[in-house]
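Engineer: Got a structure for you, protein-v2.txt, holding compact mmCIF, C-alpha atoms.
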```txt
# COMPACT_ATOMS: atom_id res chain seq x y z
CA MET U 15 21.89 23.70 24.75
CA ALA U 16 20.19 24.09 28.13
CA ASP U 17 17.90 21.13 27.41
CA TYR U 18 20.90 19.05 26.38
CA ARG U 19 22.76 19.87 29.59
CA LEU U 20 19.66 19.17 31.65
CA SER U 21 19.14 15.79 29.98
CA ARG U 22 22.80 14.88 30.57
CA LEU U 23 22.53 15.85 34.24
CA ARG U 24 19.33 13.84 34.58
CA GLY U 25 21.01 10.84 32.97
CA ARG U 26 23.95 11.01 35.37
CA VAL U 27 21.65 11.32 38.38
CA THR U 28 19.47 8.36 37.42
CA SER U 29 22.51 6.21 36.61
CA HIS U 30 23.95 6.61 40.16
CA PRO U 31 20.95 6.52 42.53
CA GLN U 32 22.96 5.41 45.57
CA ALA U 33 25.38 8.33 45.27
CA VAL U 34 22.42 10.68 44.95
CA ASP U 35 20.86 9.27 48.14
CA VAL U 36 24.13 9.69 50.04
CA ALA U 37 24.48 13.31 48.91
CA PHE U 38 20.84 14.00 49.68
CA GLY U 39 21.18 12.54 53.17
CA LEU U 40 24.24 14.67 53.90
CA LEU U 41 22.46 17.79 52.65
CA VAL U 42 19.31 17.21 54.74
CA VAL U 43 21.22 16.47 57.94
CA ALA U 44 23.58 19.40 57.47
CA VAL U 45 20.77 21.89 56.84
CA ILE U 46 18.76 20.74 59.88
CA LEU U 47 21.75 20.73 62.21
CA LEU U 48 22.69 24.23 61.09
CA ALA U 49 19.12 25.36 61.75
CA VAL U 50 19.20 23.80 65.22
CA ARG U 51 22.60 25.38 65.95
CA ALA U 52 21.17 28.81 65.13
CA GLY U 53 18.77 28.48 68.07
CA ARG U 54 20.84 26.57 70.63
CA PRO U 55 24.11 24.72 71.00
CA LEU U 56 24.22 21.26 69.46
CA ARG U 57 24.14 18.36 71.88
CA ALA U 58 25.32 14.77 71.60
CA GLU U 59 21.85 13.48 70.76
CA ASP U 60 21.71 15.92 67.83
CA PHE U 61 24.83 14.43 66.27
CA LEU U 62 23.62 10.88 66.99
CA ALA U 63 20.23 11.66 65.49
CA GLY U 64 21.92 13.29 62.50
CA ALA U 65 24.14 10.24 61.88
CA SER U 66 21.15 7.89 62.19
CA ALA U 67 19.09 10.06 59.83
CA PHE U 68 21.92 10.13 57.27
CA VAL U 69 22.24 6.33 57.23
CA LEU U 70 18.49 5.82 56.98
CA ILE U 71 18.03 8.36 54.15
CA ALA U 72 20.99 6.93 52.21
CA ALA U 73 19.61 3.36 52.46
CA ARG U 74 15.91 4.13 52.01
CA ARG U 75 15.56 3.15 48.34
CA ARG U 76 17.55 -0.06 48.60
CA TRP U 77 15.51 -1.44 51.54
CA PRO U 78 12.39 0.77 51.75
CA LEU U 79 10.27 -1.26 54.20
CA PRO U 80 13.06 -2.31 56.62
CA VAL U 81 14.39 1.26 56.66
CA PHE U 82 10.90 2.59 57.29
CA GLY U 83 10.51 0.24 60.26
CA ALA U 84 13.90 1.29 61.62
CA VAL U 85 13.27 5.01 61.27
CA THR U 86 9.87 4.65 62.96
CA VAL U 87 11.35 2.89 66.00
CA ILE U 88 14.42 5.13 66.23
CA SER U 89 12.49 8.39 65.83
CA ALA U 90 9.92 7.29 68.43
CA ALA U 91 12.72 6.44 70.88
CA PHE U 92 14.51 9.75 70.38
CA ASN U 93 11.31 11.76 70.59
CA LEU U 94 10.45 10.11 73.89
CA HIS U 95 13.75 11.45 75.19
CA ALA U 96 13.99 14.79 73.35
CA ALA U 97 10.83 15.82 71.51
CA LEU U 98 10.95 16.56 67.77
CA VAL U 99 14.59 15.74 67.10
CA GLY U 100 14.92 17.48 63.74
CA PRO U 101 17.06 15.10 61.61
CA LEU U 102 15.01 12.04 62.55
CA LEU U 103 11.72 13.83 61.93
CA ALA U 104 12.95 14.69 58.41
CA ALA U 105 14.17 11.12 57.89
CA ASN U 106 10.77 9.81 58.98
CA VAL U 107 8.94 12.01 56.46
CA ILE U 108 11.38 11.18 53.64
CA CYS U 109 11.27 7.42 54.28
CA THR U 110 7.47 7.51 54.46
CA TYR U 111 7.42 9.27 51.08
CA THR U 112 9.79 6.65 49.62
CA VAL U 113 7.70 3.69 50.78
CA THR U 114 4.52 5.36 49.53
CA SER U 115 6.02 6.09 46.08
CA LEU U 116 7.36 2.54 45.65
CA THR U 117 4.43 0.47 46.95
CA GLY U 118 0.66 0.31 46.53
CA ARG U 119 -1.97 2.64 47.93
CA ARG U 120 -2.92 0.28 50.76
CA THR U 121 0.67 0.05 51.98
CA ALA U 122 0.95 3.84 51.68
CA ALA U 123 -2.08 4.33 53.91
CA VAL U 124 -0.72 1.89 56.52
CA THR U 125 2.76 3.44 56.58
CA GLY U 126 1.31 6.96 56.79
CA THR U 127 -0.87 5.99 59.73
CA ILE U 128 2.05 4.32 61.53
CA THR U 129 4.22 7.40 60.99
CA VAL U 130 1.67 9.88 62.28
CA VAL U 131 0.57 7.77 65.27
CA THR U 132 4.04 6.78 66.53
CA VAL U 133 5.58 10.22 66.18
CA TYR U 134 2.47 11.89 67.61
CA VAL U 135 2.41 9.66 70.69
CA ALA U 136 6.18 9.94 71.20
CA VAL U 137 6.14 13.72 70.97
CA VAL U 138 3.17 14.09 73.31
CA ILE U 139 4.84 11.88 75.91
CA GLY U 140 8.39 13.17 75.40
CA ALA U 141 7.50 16.88 75.32
CA GLY U 142 4.79 16.66 77.92
CA ARG U 143 2.16 18.19 75.65
CA THR U 144 -1.56 17.58 75.67
CA TRP U 145 -3.11 15.39 73.02
CA LEU U 146 -4.87 18.35 71.39
CA ASP U 147 -1.96 20.77 71.51
CA PRO U 148 -2.01 22.86 68.27
CA GLN U 149 1.75 22.34 67.87
CA ASN U 150 1.08 18.65 67.21
CA ALA U 151 -0.71 19.55 63.98
CA ALA U 152 2.65 19.80 62.20
CA ILE U 153 3.15 16.05 62.74
CA VAL U 154 -0.16 15.22 61.06
CA VAL U 155 0.46 17.68 58.23
CA TRP U 156 3.95 16.40 57.42
CA GLY U 157 2.90 12.74 57.61
CA THR U 158 -0.15 13.28 55.43
CA LEU U 159 1.89 15.34 52.95
CA ALA U 160 4.49 12.57 52.66
CA VAL U 161 1.75 10.02 51.87
CA VAL U 162 -0.08 12.24 49.37
CA VAL U 163 3.04 13.35 47.50
CA GLY U 164 4.45 9.81 47.47
CA ASP U 165 1.22 8.37 46.09
CA ALA U 166 1.07 11.09 43.42
CA THR U 167 4.67 10.31 42.45
CA ARG U 168 3.88 6.59 42.20
CA ILE U 169 0.92 7.30 39.93
CA ARG U 170 2.97 9.65 37.76
CA LEU U 171 5.79 7.11 37.39
CA ALA U 172 3.28 4.37 36.56
CA ASN U 173 1.72 6.59 33.90
CA LEU U 174 5.13 7.42 32.44
CA GLU U 175 6.01 3.74 32.33
CA ALA U 176 2.72 2.95 30.62
CA VAL U 177 3.36 5.71 28.06
CA GLU U 178 6.86 4.36 27.40
CA ILE U 179 5.50 0.83 26.97
CA ARG U 180 2.85 2.07 24.53
CA ALA U 181 5.49 4.07 22.66
CA ARG U 182 7.72 0.99 22.34
CA GLN U 183 4.76 -1.10 21.23
CA ALA U 184 3.78 1.56 18.70
CA GLU U 185 7.34 1.73 17.39
CA HIS U 186 7.43 -2.06 17.12
CA SER U 187 4.08 -2.01 15.32
CA ARG U 188 5.35 0.64 12.90
CA GLU U 189 8.44 -1.44 12.16
CA GLU U 190 6.33 -4.56 11.63
CA GLU U 191 3.97 -2.60 9.37
CA ALA U 192 6.91 -1.22 7.38
CA ARG U 193 8.36 -4.72 6.94
CA ARG U 194 4.95 -6.07 5.93
CA ARG U 195 4.53 -3.33 3.34
CA VAL U 196 8.00 -3.98 1.94
CA VAL U 197 7.19 -7.69 1.56
CA GLU U 198 3.81 -6.92 -0.04
CA GLU U 199 5.43 -4.44 -2.43
CA ARG U 200 8.08 -6.95 -3.44
CA LEU U 201 5.39 -9.55 -4.11
CA ARG U 202 3.35 -7.03 -6.10
CA ILE U 203 6.35 -6.03 -8.22
CA ALA U 204 7.27 -9.68 -8.83
CA ARG U 205 3.66 -10.45 -9.79
CA ASP U 206 3.42 -7.49 -12.15
CA LEU U 207 6.73 -8.27 -13.84
CA HIS U 208 5.71 -11.89 -14.31
CA ASP U 209 2.35 -10.91 -15.76
CA VAL U 210 3.92 -8.37 -18.10
CA VAL U 211 6.72 -10.61 -19.39
CA ALA U 212 5.54 -14.23 -19.32
CA HIS U 213 2.71 -14.01 -21.84
CA HIS U 214 4.63 -12.05 -24.45
CA ILE U 215 7.83 -14.07 -24.03
CA ALA U 216 5.78 -17.22 -24.69
CA VAL U 217 4.44 -15.64 -27.88
CA ILE U 218 7.93 -14.52 -28.92
CA ASN U 219 9.33 -17.99 -28.29
CA VAL U 220 6.72 -19.65 -30.49
CA GLN U 221 7.00 -17.09 -33.29
CA VAL U 222 10.79 -17.28 -33.35
CA GLY U 223 10.51 -21.06 -33.71
CA VAL U 224 8.03 -20.63 -36.55
CA ALA U 225 10.27 -18.07 -38.27
CA ALA U 226 13.32 -20.32 -38.00
CA HIS U 227 11.36 -23.21 -39.51
CA LEU U 228 9.95 -21.20 -42.42
CA LEU U 229 12.84 -18.85 -43.11
CA ARG U 230 14.24 -20.68 -46.16
CA GLU U 231 11.19 -22.30 -47.74
CA GLN U 232 8.48 -19.73 -46.91
CA PRO U 233 10.18 -16.38 -46.29
CA ASP U 234 6.91 -14.44 -46.45
CA ASP U 235 5.42 -16.48 -43.61
CA ALA U 236 8.68 -16.18 -41.69
CA GLU U 237 8.54 -12.40 -42.11
CA GLU U 238 5.00 -12.39 -40.76
CA ALA U 239 6.12 -14.42 -37.72
CA LEU U 240 8.96 -11.98 -37.10
CA ALA U 241 6.47 -9.11 -37.33
CA HIS U 242 4.53 -10.75 -34.51
CA VAL U 243 7.77 -11.05 -32.57
CA ARG U 244 8.45 -7.35 -33.10
CA GLN U 245 4.93 -6.46 -31.97
CA ALA U 246 5.15 -8.64 -28.87
CA THR U 247 8.55 -7.16 -28.04
CA ARG U 248 7.17 -3.64 -28.38
CA THR U 249 4.27 -4.53 -26.10
CA VAL U 250 6.65 -5.93 -23.46
CA LEU U 251 8.71 -2.76 -23.56
CA VAL U 252 5.63 -0.57 -23.22
CA GLU U 253 4.27 -2.53 -20.27
CA LEU U 254 7.67 -2.68 -18.58
CA SER U 255 7.93 1.08 -19.04
CA THR U 256 4.54 1.44 -17.36
CA VAL U 257 5.69 -0.65 -14.38
CA LEU U 258 8.92 1.34 -14.09
CA ASP U 259 7.00 4.61 -14.26
CA VAL U 260 4.88 3.47 -11.33
CA LEU U 261 8.00 2.54 -9.37
CA ARG U 262 9.53 5.93 -10.14
CA SER U 263 6.34 7.87 -9.44
CA GLU U 264 7.71 9.31 -6.17
CA ASP U 265 10.79 10.70 -7.92
CA ARG U 266 8.65 12.07 -10.73
CA ASP U 267 6.34 13.82 -8.28
CA THR U 268 9.32 15.26 -6.43
CA GLU U 269 10.84 16.64 -9.60
CA GLY U 270 7.52 18.14 -10.62
CA THR U 271 7.51 16.65 -14.13
CA ASP U 272 4.33 15.67 -15.85
CA SER U 273 4.55 12.23 -17.42
CA THR U 274 1.57 10.27 -18.61
CA THR U 275 1.54 6.51 -18.72
CA GLU U 276 -0.67 4.05 -20.45
CA PRO U 277 -3.60 2.98 -18.28
CA PRO U 278 -3.38 -0.52 -16.80
CA PRO U 279 -4.72 -3.24 -19.08
CA GLY U 280 -8.25 -4.56 -18.69
CA LEU U 281 -10.76 -6.77 -20.49
CA SER U 282 -11.08 -4.08 -23.17
CA ARG U 283 -7.73 -5.39 -24.46
CA LEU U 284 -8.87 -9.01 -24.46
CA ALA U 285 -9.29 -9.09 -28.24
CA SER U 286 -5.68 -7.98 -28.74
CA MET U 287 -4.48 -10.68 -26.37
CA LEU U 288 -6.47 -13.39 -28.13
CA ALA U 289 -5.15 -12.20 -31.51
CA SER U 290 -1.54 -12.46 -30.34
CA LEU U 291 -2.18 -15.95 -28.99
CA ALA U 292 -3.84 -16.95 -32.24
CA ALA U 293 -0.80 -15.70 -34.12
CA ALA U 294 1.34 -17.83 -31.82
CA GLY U 295 -0.76 -20.91 -32.64
CA LEU U 296 -3.30 -21.10 -29.81
CA ARG U 297 -6.95 -20.99 -30.81
CA VAL U 298 -9.27 -19.76 -28.07
CA ASP U 299 -12.95 -20.64 -27.99
CA HIS U 300 -14.23 -17.48 -26.32
CA ARG U 301 -17.80 -17.01 -25.17
CA GLN U 302 -19.41 -14.49 -22.91
CA GLU U 303 -22.51 -14.77 -20.76
CA GLY U 304 -24.42 -11.89 -19.28
CA GLU U 305 -24.42 -8.24 -20.22
CA THR U 306 -21.03 -6.55 -20.35
CA ARG U 307 -20.62 -3.71 -17.87
CA PRO U 308 -17.72 -1.58 -16.62
CA LEU U 309 -15.80 -3.18 -13.78
CA PRO U 310 -13.81 -1.50 -11.01
CA SER U 311 -10.29 -0.87 -12.27
CA VAL U 312 -8.65 -3.32 -9.84
CA VAL U 313 -11.13 -6.06 -10.74
CA ASP U 314 -10.74 -5.31 -14.47
CA LEU U 315 -6.95 -5.59 -14.19
CA ALA U 316 -7.18 -8.77 -12.11
CA ALA U 317 -9.56 -10.35 -14.64
CA TYR U 318 -7.24 -9.49 -17.53
CA ARG U 319 -4.18 -10.91 -15.76
CA ILE U 320 -6.02 -14.10 -14.76
CA VAL U 321 -7.10 -14.74 -18.35
CA GLN U 322 -3.62 -13.85 -19.61
CA GLU U 323 -1.84 -16.18 -17.19
CA SER U 324 -4.28 -19.04 -17.74
CA LEU U 325 -4.11 -18.85 -21.54
CA THR U 326 -0.33 -18.46 -21.49
CA ASN U 327 -0.08 -21.65 -19.41
CA ALA U 328 -2.47 -23.36 -21.81
CA HIS U 329 -0.25 -22.31 -24.71
CA LYS U 330 2.99 -23.37 -23.01
CA HIS U 331 1.85 -26.64 -21.42
CA GLY U 332 -1.31 -27.67 -23.21
CA SER U 333 -1.30 -30.86 -25.24
CA GLU U 334 -3.56 -29.29 -27.89
CA PRO U 335 -3.45 -25.82 -29.53
CA LEU U 336 -6.94 -25.08 -28.26
CA ALA U 337 -8.31 -23.50 -25.08
CA ARG U 338 -11.79 -22.62 -23.90
CA LEU U 339 -12.52 -19.25 -22.28
CA ARG U 340 -15.81 -18.32 -20.63
CA LEU U 341 -16.60 -14.96 -19.06
CA GLY U 342 -19.84 -14.68 -17.12
CA TYR U 343 -21.18 -11.35 -15.87
CA THR U 344 -23.50 -11.77 -12.88
CA PRO U 345 -25.07 -9.23 -10.52
CA ALA U 346 -22.49 -10.22 -7.89
CA GLY U 347 -19.38 -10.12 -10.07
CA LEU U 348 -17.46 -11.83 -12.86
CA LYS U 349 -16.96 -15.57 -13.39
CA ILE U 350 -13.93 -16.76 -15.34
CA LEU U 351 -13.36 -20.24 -16.74
CA VAL U 352 -10.27 -21.28 -18.71
CA GLU U 353 -9.89 -24.91 -19.77
CA ASN U 354 -7.45 -26.77 -21.99
CA ALA U 355 -6.17 -30.28 -22.64
CA ALA U 356 -3.14 -30.94 -20.41
CA ASP U 357 -1.71 -34.42 -20.30
CA HIS U 358 1.86 -33.23 -19.70
CA PRO U 359 2.88 -33.05 -16.00
CA ALA U 360 4.68 -29.73 -16.53
CA GLN U 361 1.40 -27.95 -15.84
CA ASP U 362 1.27 -27.87 -12.05
CA ALA U 363 -2.14 -28.90 -10.84
CA ASP U 364 -1.28 -27.89 -7.32
CA GLY U 365 -0.70 -24.28 -8.28
CA ARG U 366 2.91 -24.09 -7.07
CA GLY U 367 4.26 -22.25 -10.15
CA HIS U 368 5.10 -18.56 -9.91
CA GLY U 369 2.34 -17.64 -12.35
CA LEU U 370 -0.40 -19.51 -10.49
CA ILE U 371 0.85 -18.15 -7.17
CA GLY U 372 0.58 -14.64 -8.58
CA LEU U 373 -2.86 -15.49 -9.93
CA ARG U 374 -4.05 -16.52 -6.48
CA GLU U 375 -2.60 -13.35 -4.97
CA ARG U 376 -4.43 -11.18 -7.51
CA VAL U 377 -7.72 -12.92 -6.83
CA SER U 378 -7.22 -12.60 -3.09
CA SER U 379 -6.40 -8.88 -3.40
CA VAL U 380 -9.91 -8.16 -4.72
CA GLY U 381 -11.67 -10.54 -2.33
CA GLY U 382 -12.38 -13.23 -4.91
CA SER U 383 -11.85 -16.97 -5.09
CA VAL U 384 -10.00 -19.24 -7.53
CA HIS U 385 -9.60 -22.96 -8.08
CA THR U 386 -7.10 -24.71 -10.34
CA GLY U 387 -6.82 -28.40 -11.05
CA ARG U 388 -6.49 -31.22 -13.58
CA ALA U 389 -9.19 -33.80 -14.18
CA ASP U 390 -9.92 -36.15 -17.08
CA GLY U 391 -6.92 -34.91 -19.01
CA ARG U 392 -7.94 -31.24 -18.83
CA PHE U 393 -6.56 -28.39 -16.79
CA THR U 394 -9.13 -25.91 -15.51
CA VAL U 395 -8.92 -22.49 -13.90
CA THR U 396 -12.14 -21.14 -12.40
CA ALA U 397 -12.29 -17.79 -10.65
CA PHE U 398 -14.90 -15.45 -9.28
CA LEU U 399 -14.22 -11.74 -8.80
CA PRO U 400 -16.82 -9.82 -6.76
CA ALA U 401 -17.93 -6.67 -8.59
CA ALA U 402 -21.45 -5.69 -7.58
CA PRO U 403 -22.82 -2.66 -9.46
CA ASP U 404 -22.53 -0.44 -6.36
CA ARG U 405 -18.79 -1.17 -6.24
CA GLN U 406 -18.06 0.11 -9.72
CA ASP U 407 -15.72 3.01 -10.22
CA THR U 408 -17.32 6.33 -10.99
CA PRO U 409 -16.61 7.26 -14.59
CA THR U 410 -14.37 10.26 -15.05
```
Represent the structure contained in this file as structure tokens.

Structural biologist:
Amino acid sequence: MADYRLSRLRGRVTSHPQAVDVAFGLLVVAVILLAVRAGRPLRAEDFLAGASAFVLIAARRRWPLPVFGAVTVISAAFNLHAALVGPLLAANVICTYTVTSLTGRRTAAVTGTITVVTVYVAVVIGAGRTWLDPQNAAIVVWGTLAVVVGDATRIRLANLEAVEIRARQAEHSREEEARRRVVEERLRIARDLHDVVAHHIAVINVQVGVAAHLLREQPDDAEEALAHVRQATRTVLVELSTVLDVLRSEDRDTEGTDSTTEPPPGLSRLASMLASLAAAGLRVDHRQEGETRPLPSVVDLAAYRIVQESLTNAHKHGSEPLARLRLGYTPAGLKILVENAADHPAQDADGRGHGLIGLRERVSSVGGSVHTGRADGRFTVTAFLPAAPDRQDTPT
């Protein structure tokens, strides 16, 4: 509660600086005049000096340099007539502090020197003191103190401003990072859903067409086609469940339940994929070069999805029910080549389809490269996924 009240008071003070300066000027002049009155009766020059000091203190932040010049001249004039007129001496110190806190160090040094020299000379002449009178030390002390405290205040305010700027920049950076992560997560979810659904829906579409064609004349073959549909549907449901489990992982961790999910697919499931495509009518000429070795999980998943997307496109858009698949294991990584006849323009050679966009994103996520294009009536996807032996996952 005390902190809240203090913050509210600070907010009100900073929102009305001119009113604060007026009140501060009245307080300073009143205190000094009361102190003078305790030692002697107040004279006309005391009230005139007090009024001048009040005006100068109240206006010091709005016009710091002009007010400083005015207070220097006025205080010197009064001190020549009546040495160390209290209100003006206070105004001189306060205005010197204000200029020092609002300007640079060089200006602070100049204003401090002007304050000390003018007041010192005026007091020596007006009071008839010697130049080395010990009482003159107060002038030097107060002038130096005003410069030092003002400069320290300026540095502190500059540091606070720098901290606030860095805090705002950090907050902006956090917001930008949060937005970037949201966009990346949306793209990842869209890519995963496309990879999970597109291949199996293509298989289901073909098998349903086969079943409809054979249902009356060859019911056994139609039943086999429907069995493939059922299997593909089950696979879609399982993979969608896996994706949803990942999306709900935070809730599951919070609730403390233990739920296991199927590991993400990899090239170990390539045979099952090729079998489902063969059942859907796409023959795949598959060959492998190099010695098979375990790949990092992200590379293994990316390789599987690249092959899946490429063969699905070959099945959907190819002009022949045949595709060629080559996997090449090298010391640096894995090479993938998928090629099929594609005379129909539906297969986008520029890679602007959702599937090919997702394919490029997957390759980029593991630091690989990919090229897609049509030439001589064939559509080709070539990709390289870096997977040096020292990057492999440690078996568990």

Engineer: Listed atoms of range 378-394 of chain U, axis-aligned box, 8 Å per side: centre and edge lengths to one decimal in Å, as AutoDock Vina command-line options?

Structural biologist:
```
--center_x -9.4 --center_y -22.2 --center_z -10.7 --size_x 22.0 --size_y 44.0 --size_z 32.7
```

Engineer: Distance CA of Ser115 in chain U-CA of Val177 in chain U, one decimal place?

Structural biologist: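 Separating CA of Ser115 in chain U from CA of Val177 in chain U is a distance of 18.2 Å.
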
Engineer: Could you check the closest approach to Leu103 in chain U for each of U:Gly223, U:Pro345, U:Pro335, U:Gly157 and tell me which residue wins, using only C-alpha atoms?

Structural biologist: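 The closest residue to Leu103 in chain U is U:Gly157.
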
Engineer: What is the distance between CA of Asp60 in chain U and CA of Thr127 in chain U, in Å to one decimal?

Structural biologist: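 CA of Asp60 in chain U sits 26.0 Å away from CA of Thr127 in chain U.
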
Engineer: Determine, counting only C-alpha atoms, which protein, DNA and RNA residues have an atom within 10 Å of an atom of Ala316 in chain U; residues of the same chain fewer than 6 positions away are not included. Present the result as an mmCIF file with C-alpha atoms, in the frame of the given file.

Structural biologist:
```cif
data_model
loop_
_atom_site.group_PDB
_atom_site.id
_atom_site.type_symbol
_atom_site.label_atom_id
_atom_site.label_comp_id
_atom_site.auth_asym_id
_atom_site.auth_seq_id
_atom_site.Cartn_x
_atom_site.Cartn_y
_atom_site.Cartn_z
ATOM 1 C CA PRO U 279 -4.720 -3.240 -19.080
ATOM 2 C CA GLY U 280 -8.250 -4.560 -18.690
ATOM 3 C CA LEU U 281 -10.760 -6.770 -20.490
ATOM 4 C CA PRO U 310 -13.810 -1.500 -11.010
ATOM 5 C CA GLN U 322 -3.620 -13.850 -19.610
ATOM 6 C CA LEU U 373 -2.860 -15.490 -9.930
ATOM 7 C CA GLU U 375 -2.600 -13.350 -4.970
ATOM 8 C CA ARG U 376 -4.430 -11.180 -7.510
ATOM 9 C CA VAL U 377 -7.720 -12.920 -6.830
ATOM 10 C CA SER U 378 -7.220 -12.600 -3.090
ATOM 11 C CA SER U 379 -6.400 -8.880 -3.400
ATOM 12 C CA VAL U 380 -9.910 -8.160 -4.720
ATOM 13 C CA GLY U 382 -12.380 -13.230 -4.910
ATOM 14 C CA LEU U 399 -14.220 -11.740 -8.800
#
```

Engineer: Leaving out Ser311 in chain U and any residue of its chain fewer than 2 positions from it, which residues lie within 8 Å of it when counting all atoms listed in the file, given as a PyMOL selection string?

Structural biologist: chain U and resi 280+309+313-315+407

Engineer: Write out the residues from the selection above, keeping C-alpha atoms, as a PDB file, in the coordinates of the input.

Structural biologist:
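Final file, part27.pdb:
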```
ATOM      1  CA  GLY U 280      -8.250  -4.560 -18.690  1.00  0.00           C
ATOM      2  CA  LEU U 309     -15.800  -3.180 -13.780  1.00  0.00           C
ATOM      3  CA  VAL U 313     -11.130  -6.060 -10.740  1.00  0.00           C
ATOM      4  CA  ASP U 314     -10.740  -5.310 -14.470  1.00  0.00           C
ATOM      5  CA  LEU U 315      -6.950  -5.590 -14.190  1.00  0.00           C
ATOM      6  CA  ASP U 407     -15.720   3.010 -10.220  1.00  0.00           C
TER       7      ASP U 407
END
```

Engineer: Between U:Val45, U:Ala160, U:Ile153, U:Leu288, which one has atoms that come closest to Thr114 in chain U, using all atoms listed in the file?

Structural biologist: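 That would be U:Ala160, the residue with the smallest distance to Thr114 in chain U.
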
Engineer: Which residue gives the smallest distance to Val155 in chain U among U:Ala204, U:Val107, U:Ile371, U:Val34, with all atoms listed in the file counted?

Structural biologist: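 Using all atoms listed in the file, the shortest distance to Val155 in chain U belongs to U:Val107.
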
Engineer: Using Å and a single decimal, report how far CA of Thr117 in chain U sits from CA of Val69 in chain U.

Structural biologist: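 Here the two named atoms are 21.4 Å from each other.
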
Engineer: Identify, on the basis of all atoms listed in the file, every residue whose closest approach to Ile350 in chain U does not exceed 6 Å; exclude the query and any residue fewer than 3 positions from it along the same chain; express the result as a PDB file with C-alpha atoms, keeping the file's coordinate frame.

Structural biologist:
```pdb
ATOM      1  CA  ARG U 340     -15.810 -18.320 -20.630  1.00  0.00           C
ATOM      2  CA  LEU U 341     -16.600 -14.960 -19.060  1.00  0.00           C
ATOM      3  CA  THR U 396     -12.140 -21.140 -12.400  1.00  0.00           C
ATOM      4  CA  ALA U 397     -12.290 -17.790 -10.650  1.00  0.00           C
TER       5      ALA U 397
END
```
